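Here is the structure we will look at.
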Amino acid sequence: MGIFSGLKDLGLENMENMSLFEESKKETVRKKPVAVAPPKAQEKDLIYDRSFVCPVCGSSFTAKIMKTSKARMLGTDQDLRARYEGIDAAKYEVVMCPICAYAALIRYFTNVTDAQAKLIKEKISQIVHLTTYNDEIYSYEQAMERYKMALVNAVVKRAKTSEKAYICLRNAWLLRGYAESLREEAEPKEELIQELAKQENEFLENAYKGFTEARQSEMFPICGMNTITIDYLLSVLAIRFHDYNVATKLLSSVITSSGASARIKDKAREMKEQILREQSKK
């Protein structure tokens, strides 16, 4: 029998089984939402179609360009190649007219004289057979083709040594990115990776030669780089090709420069130590 038994006689039978004390309501424990990692950036979302007018033939066209403000940079390689999440920036540096085949790095695209345009029309436009592609993104093969066209155009229009060197440098970065993407595959194509590494080395060697010549014959800035940046880049390339005396001299100029940042000076010191390690192995 409960403490409220007998209420039936008072007409309150529906209350005979009620509790004397209200049960305290248990606080609902709210689970913290599980942190969900933001979706990885897709390459197609990091590019856009930009309109251009060809300075050689006057045609209007679009080319795919990276959204620099939207892409997240992960870091840089020793030779200044910037790495981004979800995209290889090097794939979108060349602008090419689909009508006359004039191609150049975006920073140089509009810099064409009438004499240069005439040379391009005569030696390239009249005989070239361009590949047509309408994919959402540029594949590495397509990007490599665009760089070839940029380099051919640079030679034909008798571009500055620095422009040709810069194309070689960025082409090397493209080939490195291609090789990195292949290594991430389930079954890496080792033969192709080795071939890409060989080509990268060849382009870097040409970049080294070109920038060395440009440093002695052209006014700064060169390809948008000041003396400190060029000297640092050349020192990296000099080490790669075992030109240690040149590298040491360039690094010393960077370290003693009043205009160099503390960060680049630290990198220069690290590279000097790298030279000592490599020389001690011989």
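Ligands are numbered from 1 in the order shown, chains are lettered A, B, ... in the order of the structure tokens, and residues start at 1 in each chain.
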
Mind the document's chain letters and residue numbers, and return as an MDAnalysis selection string the residues of segment 43-161 of chain A that DSSP labels strand (DSSP E). chainID A and resid 47:53 60:66 73:76 82:84 94:96 103:105

So that I can check the surroundings of segment 102-106 of chain A, please list as a list of chain:residue names every protein, DNA and RNA residue that reaches within 6 Å of it, counting only C-alpha atoms and ignoring chain neighbours fewer than 4 positions away.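 Neighbouring residues, sequence-local ones excluded: A:Glu93, A:Val94, A:Val95, A:Met96, A:Cys97, A:Met149, A:Ala150.
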
Dump of N, CA and C atoms for the selected residues, as an mmCIF file, in the first residue's frame:
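Dumped to selection.cif:
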```cif
data_model
loop_
_atom_site.group_PDB
_atom_site.id
_atom_site.type_symbol
_atom_site.label_atom_id
_atom_site.label_comp_id
_atom_site.auth_asym_id
_atom_site.auth_seq_id
_atom_site.Cartn_x
_atom_site.Cartn_y
_atom_site.Cartn_z
ATOM 1 N N GLU A 93 50.429 28.900 -65.019
ATOM 2 C CA GLU A 93 51.276 30.084 -65.199
ATOM 3 C C GLU A 93 51.401 30.517 -66.655
ATOM 4 N N VAL A 94 51.130 29.611 -67.580
ATOM 5 C CA VAL A 94 51.295 29.921 -69.004
ATOM 6 C C VAL A 94 49.960 30.284 -69.635
ATOM 7 N N VAL A 95 49.937 31.387 -70.361
ATOM 8 C CA VAL A 95 48.763 31.799 -71.122
ATOM 9 C C VAL A 95 49.071 31.561 -72.599
ATOM 10 N N MET A 96 48.162 30.869 -73.291
ATOM 11 C CA MET A 96 48.400 30.565 -74.700
ATOM 12 C C MET A 96 47.177 30.893 -75.540
ATOM 13 N N CYS A 97 47.389 31.623 -76.624
ATOM 14 C CA CYS A 97 46.308 31.957 -77.550
ATOM 15 C C CYS A 97 45.961 30.713 -78.366
ATOM 16 N N MET A 149 55.396 25.514 -75.591
ATOM 17 C CA MET A 149 55.023 26.596 -76.496
ATOM 18 C C MET A 149 55.545 27.945 -75.982
ATOM 19 N N ALA A 150 55.512 28.145 -74.674
ATOM 20 C CA ALA A 150 56.020 29.397 -74.100
ATOM 21 C C ALA A 150 57.514 29.536 -74.360
#
```

Run DSSP on the backbone and grab whatever in segment 22-116 of chain A lands in helix (DSSP H, G or I); send it over as a list in words.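 Matching residues, listed in order: Glu43, Lys44, Asp45, Leu46, Ala89, Ala90, Lys91, Tyr92, Ile106, Arg107, Tyr108, Asp114, Ala115 and Gln116 of chain A.
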
I'd like the neighbourhood of His242 of chain A as a list in words, where a residue qualifies if any of its atoms comes within 12 Å (using only C-alpha atoms), though same-chain residues fewer than 2 positions away should be ignored. Glu205, Tyr208, Leu234, Ser235, Val236, Leu237, Ala238, Ile239, Arg240, Tyr244, Asn245, Val246, Ala247, Thr248, Gln274, Ile275, Leu276, Glu278, Gln279 and Lys282 of chain A

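Nearest residue to Gln142 of chain A, choosing from A:Gly210, A:Leu169, A:Ala90, A:Thr110 and counting only C-alpha atoms: A:Ala90.
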
Can you pull out the residues contacting Leu119 of chain A? Cut-off 8 Å, using only C-alpha atoms, and skip same-chain residues under 5 positions away; I want them as a VMD selection string. chain A and resid 124 156 to 157

Can I get the selected residues back with N, CA and C atoms, as a PDB file, in the first residue's frame?
```
ATOM      1  N   ILE A 124      55.749  30.453 -86.149  1.00  0.00           N
ATOM      2  CA  ILE A 124      54.944  29.555 -85.311  1.00  0.00           C
ATOM      3  C   ILE A 124      53.503  29.450 -85.813  1.00  0.00           C
ATOM      4  N   VAL A 156      61.791  32.350 -80.315  1.00  0.00           N
ATOM      5  CA  VAL A 156      61.445  32.963 -81.608  1.00  0.00           C
ATOM      6  C   VAL A 156      61.376  34.485 -81.508  1.00  0.00           C
ATOM      7  N   LYS A 157      60.787  34.986 -80.431  1.00  0.00           N
ATOM      8  CA  LYS A 157      60.647  36.454 -80.309  1.00  0.00           C
ATOM      9  C   LYS A 157      61.906  37.118 -79.743  1.00  0.00           C
TER      10      LYS A 157
END
```

Find the residues around segment 170-184 of chain A up to 7 Å (only C-alpha atoms counted), leave out those fewer than 6 positions away in its own chain, and share them as an NGL selection string. :A and (81 or 88 or 90-91 or 140 or 147 or 193 or 196-197 or 200 or 203-204)

Written selection (C-alpha atoms) as a JSON list (two decimals), in the first residue's frame:
```json
[["chain", "number", "residue", "atom", "x", "y", "z"],
["A", 81, "ARG", "CA", 58.74, 26.86, -55.60],
["A", 88, "ASP", "CA", 49.89, 22.90, -58.49],
["A", 90, "ALA", "CA", 52.83, 25.88, -62.02],
["A", 91, "LYS", "CA", 50.08, 24.35, -64.18],
["A", 140, "TYR", "CA", 50.10, 17.84, -66.37],
["A", 147, "TYR", "CA", 55.34, 25.42, -71.32],
["A", 193, "ILE", "CA", 59.04, 9.46, -62.47],
["A", 196, "LEU", "CA", 60.55, 13.55, -65.12],
["A", 197, "ALA", "CA", 63.40, 13.91, -62.62],
["A", 200, "GLU", "CA", 63.57, 18.65, -64.19],
["A", 203, "PHE", "CA", 65.48, 22.62, -67.00],
["A", 204, "LEU", "CA", 67.06, 23.68, -63.69]]
```

Minimum-distance residue to Leu80 of chain A, chosen among A:Asn153, A:Thr68, A:Ser280, A:Thr229 (using only C-alpha atoms):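 Between A:Asn153, A:Thr68, A:Ser280, A:Thr229, the residue approaching Leu80 of chain A most closely is A:Thr229.
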
I'd like to know which of A:Arg277, A:Tyr232, A:Glu191, A:Ser258 is closest to Gln78 of chain A, using only C-alpha atoms. A:Tyr232

Selection near Ala41 of chain A, 8 Å with only C-alpha atoms, sequence-local residues under 2 positions removed, as an MDAnalysis selection string: chainID A and resid 39 43 45:46 85:86

File dump, residues just selected, all heavy atoms, as a tab-separated table (two decimals), in the first residue's frame:
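again23.tsv, freshly written:
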```
chain	number	residue	atom	x	y	z
A	39	PRO	N	36.30	20.27	-45.98
A	39	PRO	CA	36.62	19.49	-47.16
A	39	PRO	C	37.87	20.02	-47.86
A	39	PRO	O	38.11	21.23	-47.87
A	39	PRO	CB	35.38	19.66	-48.06
A	39	PRO	CG	34.73	20.92	-47.56
A	39	PRO	CD	35.02	20.97	-46.11
A	43	GLU	N	40.84	21.22	-57.09
A	43	GLU	CA	41.57	22.04	-58.05
A	43	GLU	C	40.63	22.90	-58.90
A	43	GLU	O	40.89	24.08	-59.12
A	43	GLU	CB	42.41	21.14	-58.96
A	43	GLU	CG	43.32	21.90	-59.91
A	43	GLU	CD	44.32	21.00	-60.61
A	43	GLU	OE1	44.60	19.89	-60.10
A	43	GLU	OE2	44.84	21.41	-61.67
A	45	ASP	N	37.97	24.25	-58.15
A	45	ASP	CA	37.40	25.37	-57.40
A	45	ASP	C	38.44	26.47	-57.14
A	45	ASP	O	38.10	27.54	-56.64
A	45	ASP	CB	36.84	24.89	-56.06
A	45	ASP	CG	35.70	23.89	-56.25
A	45	ASP	OD1	34.92	24.07	-57.21
A	45	ASP	OD2	35.60	22.93	-55.46
A	46	LEU	N	39.68	26.18	-57.46
A	46	LEU	CA	40.76	27.13	-57.19
A	46	LEU	C	41.26	27.82	-58.46
A	46	LEU	O	42.29	28.50	-58.45
A	46	LEU	CB	41.93	26.40	-56.51
A	46	LEU	CG	41.62	25.79	-55.14
A	46	LEU	CD1	42.80	24.98	-54.64
A	46	LEU	CD2	41.26	26.87	-54.13
A	85	GLU	N	47.75	23.76	-51.27
A	85	GLU	CA	46.85	22.65	-51.00
A	85	GLU	C	45.87	22.50	-52.16
A	85	GLU	O	45.17	23.44	-52.53
A	85	GLU	CB	46.06	22.89	-49.71
A	85	GLU	CG	45.14	21.73	-49.35
A	85	GLU	CD	44.34	22.00	-48.07
A	85	GLU	OE1	43.89	23.15	-47.89
A	85	GLU	OE2	44.18	21.08	-47.27
A	86	GLY	N	45.83	21.31	-52.74
A	86	GLY	CA	44.82	21.01	-53.76
A	86	GLY	C	45.12	21.47	-55.16
A	86	GLY	O	44.32	21.24	-56.07
```

I want to know what sits within 10 Å of Ser51 of chain A, based on only C-alpha atoms, with residues of the same chain fewer than 2 positions away left out; could you give that as an MDAnalysis selection string? chainID A and resid 48:49 53:54 60:65

Please measure the separation of atom CA of Lys67 of chain A and atom CA of Ser139 of chain A, giving the value in Å to one decimal.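 Going from atom CA of Lys67 of chain A over to atom CA of Ser139 of chain A, I get 17.1 Å.
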